[in-house]
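S.K.: My file is coords_29.cif. It has mmCIF, C-alpha atoms:
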```cif
data_protein
loop_
_atom_site.label_atom_id
_atom_site.label_comp_id
_atom_site.auth_asym_id
_atom_site.auth_seq_id
_atom_site.Cartn_x
_atom_site.Cartn_y
_atom_site.Cartn_z
CA MET A 1 12.31 9.82 17.73
CA ILE A 2 11.39 10.48 14.10
CA SER A 3 9.39 7.23 14.01
CA PHE A 4 7.19 8.29 16.92
CA ALA A 5 6.86 11.81 15.49
CA HIS A 6 5.48 10.53 12.18
CA LEU A 7 3.22 8.15 14.12
CA LEU A 8 1.68 11.15 15.90
CA LEU A 9 1.37 12.95 12.58
CA ALA A 10 -0.44 9.92 11.15
CA LEU A 11 -3.00 10.14 13.96
CA ILE A 12 -3.59 13.83 13.28
CA ALA A 13 -3.89 13.16 9.55
CA ALA A 14 -6.41 10.37 10.17
CA LYS A 15 -8.55 12.79 12.16
CA PHE A 16 -8.72 15.14 9.18
CA ILE A 17 -9.31 12.27 6.74
CA SER A 18 -12.34 11.13 8.74
CA SER A 19 -14.03 14.50 8.16
CA GLU A 20 -17.05 14.88 5.90
CA ASN A 21 -15.52 18.09 4.54
CA LEU A 22 -13.49 17.48 1.38
CA ASN A 23 -10.99 20.26 2.08
CA GLU A 24 -10.26 18.82 5.52
CA ARG A 25 -9.77 15.38 4.00
CA ARG A 26 -7.32 16.93 1.55
CA VAL A 27 -5.40 18.47 4.44
CA GLY A 28 -5.30 15.03 6.04
CA ALA A 29 -3.96 13.48 2.83
CA VAL A 30 -1.18 16.08 2.64
CA LEU A 31 -0.30 15.55 6.31
CA PHE A 32 -0.12 11.79 5.83
CA MET A 33 2.11 12.25 2.79
CA LEU A 34 4.37 14.35 5.01
CA ARG A 35 4.34 11.41 7.43
CA SER A 36 5.52 9.13 4.62
CA TRP A 37 8.33 11.57 3.85
CA MET A 38 9.35 11.55 7.52
CA ASP A 39 9.33 7.74 7.44
CA SER A 40 11.78 7.78 4.52
CA LEU A 41 13.84 10.45 6.28
CA ASP A 42 14.06 8.22 9.35
CA GLY A 43 15.73 5.47 7.33
CA SER A 44 18.07 7.91 5.60
CA VAL A 45 19.18 9.40 8.92
CA HIS A 46 19.84 5.95 10.35
CA ARG A 47 21.89 4.83 7.34
CA ASN A 48 23.86 8.08 7.36
CA ARG A 49 24.70 7.68 11.05
CA ALA A 50 25.74 4.09 10.40
CA GLY A 51 28.05 5.25 7.61
CA GLN A 52 26.09 3.42 4.91
CA GLY A 53 25.36 6.47 2.77
CA ARG A 54 22.61 5.78 0.24
CA VAL A 55 22.92 2.00 0.44
CA TYR A 56 19.60 0.37 1.35
CA ASN A 57 20.13 -2.01 4.23
CA SER A 58 17.22 -3.39 6.22
CA GLU A 59 18.66 -4.49 9.56
CA ARG A 60 15.99 -7.00 10.44
CA LEU A 61 17.40 -7.99 13.83
CA SER A 62 17.83 -4.46 15.17
CA SER A 63 15.45 -2.77 17.60
CA GLY A 64 15.12 0.16 15.19
CA TYR A 65 13.72 -2.17 12.54
CA TYR A 66 10.96 -3.43 14.82
CA ILE A 67 10.16 0.08 16.04
CA ASP A 68 9.87 1.25 12.44
CA VAL A 69 7.64 -1.71 11.52
CA PHE A 70 5.44 -1.02 14.54
CA CYS A 71 5.08 2.68 13.74
CA ASP A 72 4.40 1.99 10.06
CA THR A 73 1.77 -0.63 10.93
CA VAL A 74 -0.02 1.56 13.45
CA GLY A 75 0.23 4.56 11.11
CA GLY A 76 -1.34 2.52 8.32
CA ALA A 77 -4.08 1.44 10.72
CA PHE A 78 -4.76 5.10 11.56
CA LEU A 79 -5.15 5.85 7.86
CA SER A 80 -7.51 2.92 7.31
CA PHE A 81 -9.66 3.82 10.31
CA GLY A 82 -9.71 7.47 9.27
CA ILE A 83 -11.21 6.47 5.93
CA LEU A 84 -13.54 3.99 7.61
CA PHE A 85 -14.88 6.60 10.04
CA TYR A 86 -15.46 8.94 7.11
CA PHE A 87 -17.49 6.18 5.48
CA TYR A 88 -19.43 5.64 8.71
CA LYS A 89 -20.26 9.34 8.99
CA VAL A 90 -21.67 9.49 5.49
CA LEU A 91 -23.60 6.28 6.11
CA ASP A 92 -25.08 7.65 9.33
CA SER A 93 -26.16 10.82 7.57
CA LYS A 94 -28.34 8.63 5.32
CA THR A 95 -27.16 10.45 2.22
CA LYS A 96 -28.79 8.91 -0.82
CA GLU A 97 -25.75 9.39 -3.00
CA LEU A 98 -22.47 7.66 -3.67
CA PRO A 99 -20.36 6.33 -2.08
CA TYR A 100 -22.85 4.54 0.19
CA THR A 101 -25.87 4.26 -2.01
CA LYS A 102 -25.95 3.47 -5.65
CA LEU A 103 -28.76 3.64 -8.15
CA THR A 104 -28.96 0.43 -10.14
CA GLU A 105 -31.43 -0.75 -12.71
CA ASN A 106 -33.75 -3.60 -11.93
CA GLY A 107 -32.00 -6.74 -13.12
CA ASN A 108 -35.01 -8.24 -14.90
CA GLY A 109 -35.70 -5.05 -16.83
CA GLY A 110 -39.39 -5.52 -16.13
CA GLY A 111 -42.00 -2.98 -15.24
CA ASN A 112 -43.52 -2.03 -11.92
CA GLY A 113 -47.08 -2.71 -12.92
CA ASN A 114 -47.53 0.79 -14.29
CA GLY A 115 -45.69 0.16 -17.52
CA ALA A 116 -42.42 1.65 -16.23
CA THR A 117 -39.16 -0.10 -17.00
CA GLY A 118 -35.64 0.12 -15.56
CA ILE A 119 -36.76 0.67 -11.96
CA ASN A 120 -34.06 2.25 -9.79
CA THR A 121 -33.38 0.67 -6.41
CA ILE A 122 -31.15 1.78 -3.56
CA VAL A 123 -28.20 -0.44 -2.67
CA GLN A 124 -26.84 0.41 0.78
CA TYR A 125 -23.76 -0.95 2.54
CA THR A 126 -23.68 -1.99 6.18
CA LYS A 127 -20.93 -0.93 8.57
CA THR A 128 -19.65 -4.49 8.61
CA GLN A 129 -19.27 -4.45 4.83
CA LEU A 130 -17.45 -1.13 4.96
CA PHE A 131 -15.14 -2.43 7.69
CA TRP A 132 -14.33 -5.47 5.56
CA LYS A 133 -13.53 -3.28 2.56
CA MET A 134 -11.10 -1.15 4.55
CA TRP A 135 -9.57 -4.18 6.25
CA CYS A 136 -8.81 -5.58 2.80
CA ILE A 137 -7.21 -2.30 1.70
CA GLY A 138 -5.14 -1.99 4.88
CA PHE A 139 -3.93 -5.57 4.71
CA MET A 140 -3.15 -5.12 1.01
CA ILE A 141 -0.84 -2.21 1.85
CA GLY A 142 0.87 -4.30 4.52
CA THR A 143 1.23 -7.21 2.10
CA GLY A 144 2.79 -4.97 -0.53
CA GLY A 145 5.23 -3.56 2.01
CA TRP A 146 6.30 -6.98 3.27
CA CYS A 147 6.69 -8.47 -0.21
CA TRP A 148 8.82 -5.54 -1.31
CA ASP A 149 11.03 -5.65 1.80
CA TYR A 150 11.52 -9.41 1.46
CA SER A 151 12.35 -9.14 -2.24
CA ILE A 152 14.91 -6.38 -1.71
CA ASP A 153 16.52 -8.36 1.11
CA GLN A 154 16.85 -11.38 -1.18
CA TYR A 155 18.35 -9.29 -3.99
CA LYS A 156 20.81 -7.86 -1.49
CA TYR A 157 21.84 -11.37 -0.44
CA ILE A 158 22.28 -12.50 -4.05
CA PHE A 159 24.27 -9.53 -5.30
CA HIS A 160 26.20 -8.59 -2.13
CA THR A 161 27.43 -12.08 -1.32
CA LYS A 162 31.12 -12.50 -2.04
CA ILE A 163 31.68 -15.38 -4.49
CA ASN A 164 35.17 -16.86 -4.62
CA ASP A 165 34.68 -18.65 -7.94
CA GLY A 166 35.78 -16.29 -10.73
CA SER A 167 33.30 -17.52 -13.34
CA LEU A 168 30.39 -17.33 -10.92
CA GLU A 169 31.46 -13.86 -9.82
CA THR A 170 31.41 -12.75 -13.46
CA LEU A 171 27.97 -14.29 -13.84
CA GLN A 172 26.81 -12.51 -10.70
CA THR A 173 27.93 -9.17 -12.16
CA TYR A 174 26.22 -10.01 -15.45
CA TYR A 175 22.87 -10.77 -13.81
CA LEU A 176 23.12 -7.62 -11.72
CA HIS A 177 23.31 -5.49 -14.86
CA THR A 178 20.69 -7.26 -16.96
CA CYS A 179 17.64 -5.23 -17.95
CA PHE A 180 15.30 -7.87 -16.55
CA THR A 181 16.88 -7.67 -13.08
CA TRP A 182 16.50 -3.91 -12.97
CA LEU A 183 12.99 -4.12 -14.39
CA MET A 184 12.02 -6.54 -11.63
CA MET A 185 13.54 -4.41 -8.88
CA TRP A 186 12.21 -1.07 -10.11
CA SER A 187 8.76 -2.47 -10.83
CA TRP A 188 8.32 -2.89 -7.09
CA ARG A 189 8.31 0.89 -6.90
CA LEU A 190 4.82 0.70 -8.39
CA CYS A 191 3.29 -1.63 -5.81
CA GLU A 192 5.29 -1.49 -2.57
CA GLY A 193 3.73 -0.31 0.68
CA LEU A 194 4.56 3.40 0.64
CA VAL A 195 3.51 3.73 -3.00
CA LEU A 196 0.20 2.01 -2.26
CA ILE A 197 -0.34 4.51 0.54
CA ASN A 198 0.32 7.32 -1.93
CA TYR A 199 -2.32 5.87 -4.25
CA VAL A 200 -4.79 5.99 -1.36
CA LEU A 201 -3.83 9.56 -0.51
CA PHE A 202 -4.22 10.72 -4.10
CA SER A 203 -7.66 9.12 -4.26
CA ILE A 204 -8.62 10.94 -1.06
CA PHE A 205 -7.31 14.26 -2.38
CA PHE A 206 -9.29 13.94 -5.61
CA ASP A 207 -12.36 12.60 -3.79
CA LYS A 208 -12.16 9.17 -5.44
CA ILE A 209 -11.51 7.04 -2.38
CA TRP A 210 -14.69 4.99 -2.78
CA GLU A 211 -13.84 4.14 -6.38
CA PHE A 212 -10.30 3.20 -5.34
CA VAL A 213 -11.47 0.95 -2.53
CA ASN A 214 -13.91 -0.90 -4.76
CA LEU A 215 -11.40 -1.29 -7.59
CA PHE A 216 -8.48 -2.57 -5.53
CA GLN A 217 -10.21 -4.37 -2.66
CA TYR A 218 -9.36 -7.68 -4.32
CA MET A 219 -7.61 -6.67 -7.54
CA GLY A 220 -4.73 -5.24 -5.51
CA TYR A 221 -3.96 -8.67 -4.09
CA VAL A 222 -3.99 -10.21 -7.55
CA ILE A 223 -1.46 -7.67 -8.82
CA ILE A 224 0.86 -7.81 -5.79
CA LEU A 225 0.86 -11.59 -5.32
CA SER A 226 1.24 -12.25 -9.05
CA PHE A 227 4.28 -10.00 -9.25
CA PHE A 228 5.66 -11.42 -6.00
CA SER A 229 5.35 -14.94 -7.42
CA ILE A 230 7.36 -13.91 -10.49
CA THR A 231 9.94 -12.30 -8.21
CA ILE A 232 10.28 -15.46 -6.11
CA LEU A 233 10.78 -17.59 -9.22
CA TYR A 234 13.45 -15.22 -10.51
CA ILE A 235 15.22 -15.14 -7.14
CA LYS A 236 15.21 -18.93 -7.05
CA TYR A 237 16.63 -18.99 -10.58
CA LEU A 238 19.44 -16.59 -9.63
CA LYS A 239 20.35 -18.61 -6.55
CA THR A 240 20.49 -21.78 -8.61
CA GLU A 241 22.65 -20.19 -11.30
CA LEU A 242 25.05 -18.67 -8.77
CA HIS A 243 25.08 -21.73 -6.47
CA LEU A 244 23.91 -19.70 -3.49
#
```
Show this structure as structure tokens.

M.R.:
Amino acid sequence: MISFAHLLLALIAAKFISSENLNERRVGAVLFMLRSWMDSLDGSVHRNRAGQGRVYNSERLSSGYYIDVFCDTVGGAFLSFGILFYFYKVLDSKTKELPYTKLTENGNGGGNGNGATGINTIVQYTKTQLFWKMWCIGFMIGTGGWCWDYSIDQYKYIFHTKINDGSLETLQTYYLHTCFTWLMMWSWRLCEGLVLINYVLFSIFFDKIWEFVNLFQYMGYVIILSFFSITILYIKYLKTELHL
């Protein structure tokens, strides 16, 4: 029930985010952040009812897991389309200002025949280009969420598996408490799905969404996939050391 409630809230938030009015977009950002809180609450309620307390346990084969994934995916799509429709509205209004038009100097630095230099030209984005930008951002959020969930599931397998060999069990405990292990796990809190959504919401609230989209359209993938590659190598190392 909570999953579908925060899905509805995501739709309402997206409607506000698509507005040309900054204050309404800020309301939308706050509403979507409330949706994220409800998403976290949903998992906490489930774990409490299952008697798991604060232990993170992603039950991948349960119906609740797939419902949660569906609602998160659709909610993220609502957010992306809300931003996209805001972009479209500004584009349709033919506003000659950022984010859709940008004054740039003539690349050759030459004159215009009248002795003027540094001629300013208008660079305008098509709707297809804007759609591609937001598709990249939306898929980046999904990628971050999946990589984080997979990594946590692997860490759970490594450190929750009962090892009968005494020396390997001691080694398992040692690796669990190393600074590098905790650094790897906690670093995901900077680039997992919900945190990436928060970055988007903050950029909306402070009216910097265009700058955010342009900065992380491709750079976000570089950061996430680079860190995920390091995580995979470390997980493989742990499994080899512990004979898992």

S.K.: Which distance in Å separates atom CA of A:Ser226 and atom CA of A:Met33, to one decimal?

M.R.: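 It comes out at 27.2 Å.
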
S.K.: Grab the atom CA of A:Val200 to atom CA of A:Trp146 distance for me, in Å with one decimal place.

M.R.: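 Calculated distance between atom CA of A:Val200 and atom CA of A:Trp146 is 17.7 Å.
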
S.K.: Please list as an NGL selection string every residue within 10 Å of A:Phe228, counting only C-alpha atoms and excluding residues in the same chain fewer than 6 positions away.

M.R.: :A and (144 or 147-148 or 150-151 or 184 or 188 or 222 or 234)

S.K.: Within 7 Å of A:Leu242, counting only C-alpha atoms, which residues show up once you throw out same-chain ones fewer than 4 positions away? Write them as a list in words, please.

M.R.: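 Listing them by chain and then by number gives Leu168, Gln172 and Leu238 of chain A.
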
S.K.: At most 7 Å from (-13.7, 11.2, 9.3), file frame, all atoms listed in the file: which residues, as an mmCIF file with C-alpha atoms, in the coordinates of the input?

M.R.:
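Wrote it out as result.cif, contents follow:
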```cif
data_model
loop_
_atom_site.group_PDB
_atom_site.id
_atom_site.type_symbol
_atom_site.label_atom_id
_atom_site.label_comp_id
_atom_site.auth_asym_id
_atom_site.auth_seq_id
_atom_site.Cartn_x
_atom_site.Cartn_y
_atom_site.Cartn_z
ATOM 1 C CA LYS A 15 -8.550 12.790 12.160
ATOM 2 C CA PHE A 16 -8.720 15.140 9.180
ATOM 3 C CA ILE A 17 -9.310 12.270 6.740
ATOM 4 C CA SER A 18 -12.340 11.130 8.740
ATOM 5 C CA SER A 19 -14.030 14.500 8.160
ATOM 6 C CA GLU A 20 -17.050 14.880 5.900
ATOM 7 C CA GLY A 82 -9.710 7.470 9.270
ATOM 8 C CA ILE A 83 -11.210 6.470 5.930
ATOM 9 C CA PHE A 85 -14.880 6.600 10.040
ATOM 10 C CA TYR A 86 -15.460 8.940 7.110
ATOM 11 C CA LYS A 89 -20.260 9.340 8.990
#
```

S.K.: Which residues come within 12 Å of A:Trp135, counting only C-alpha atoms, excluding same-chain residues fewer than 2 positions away, as a list in words?

M.R.: Gly76, Ala77, Phe78, Leu79, Ser80, Phe81, Ile83, Leu84, Thr128, Gln129, Leu130, Phe131, Trp132, Lys133, Ile137, Gly138, Phe139, Met140, Ile141, Gly142, Thr143, Val213, Phe216, Gln217 and Tyr218 of chain A

S.K.: Suppose you want the space between atom CA of A:Val74 and atom CA of A:Leu190; what is it in Å?

M.R.: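 It comes out at 22.4 Å.
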
S.K.: At a cut-off of 12 Å, using only C-alpha atoms, what residues contact A:Phe212? Leave out same-chain residues fewer than 5 positions from it and give the result as JSON, numbers by chain.

M.R.: {"A": [83, 99, 133, 134, 137, 196, 197, 198, 199, 200, 201, 202, 203, 204, 205, 206, 207, 217, 218, 219, 220]}

S.K.: Just checking: using only C-alpha atoms, which residue out of A:Arg35, A:His243, A:Lys156, A:Lys127 ends up closest to A:Leu8?

M.R.: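 Looking only at the distances to A:Leu8, the closest residue turns out to be A:Arg35.
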
S.K.: For A:Thr240, which residue among A:Gly75, A:Asp68, A:Val30, A:Ile158 is the nearest when counting only C-alpha atoms?

M.R.: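 Looking only at the distances to A:Thr240, the closest residue turns out to be A:Ile158.
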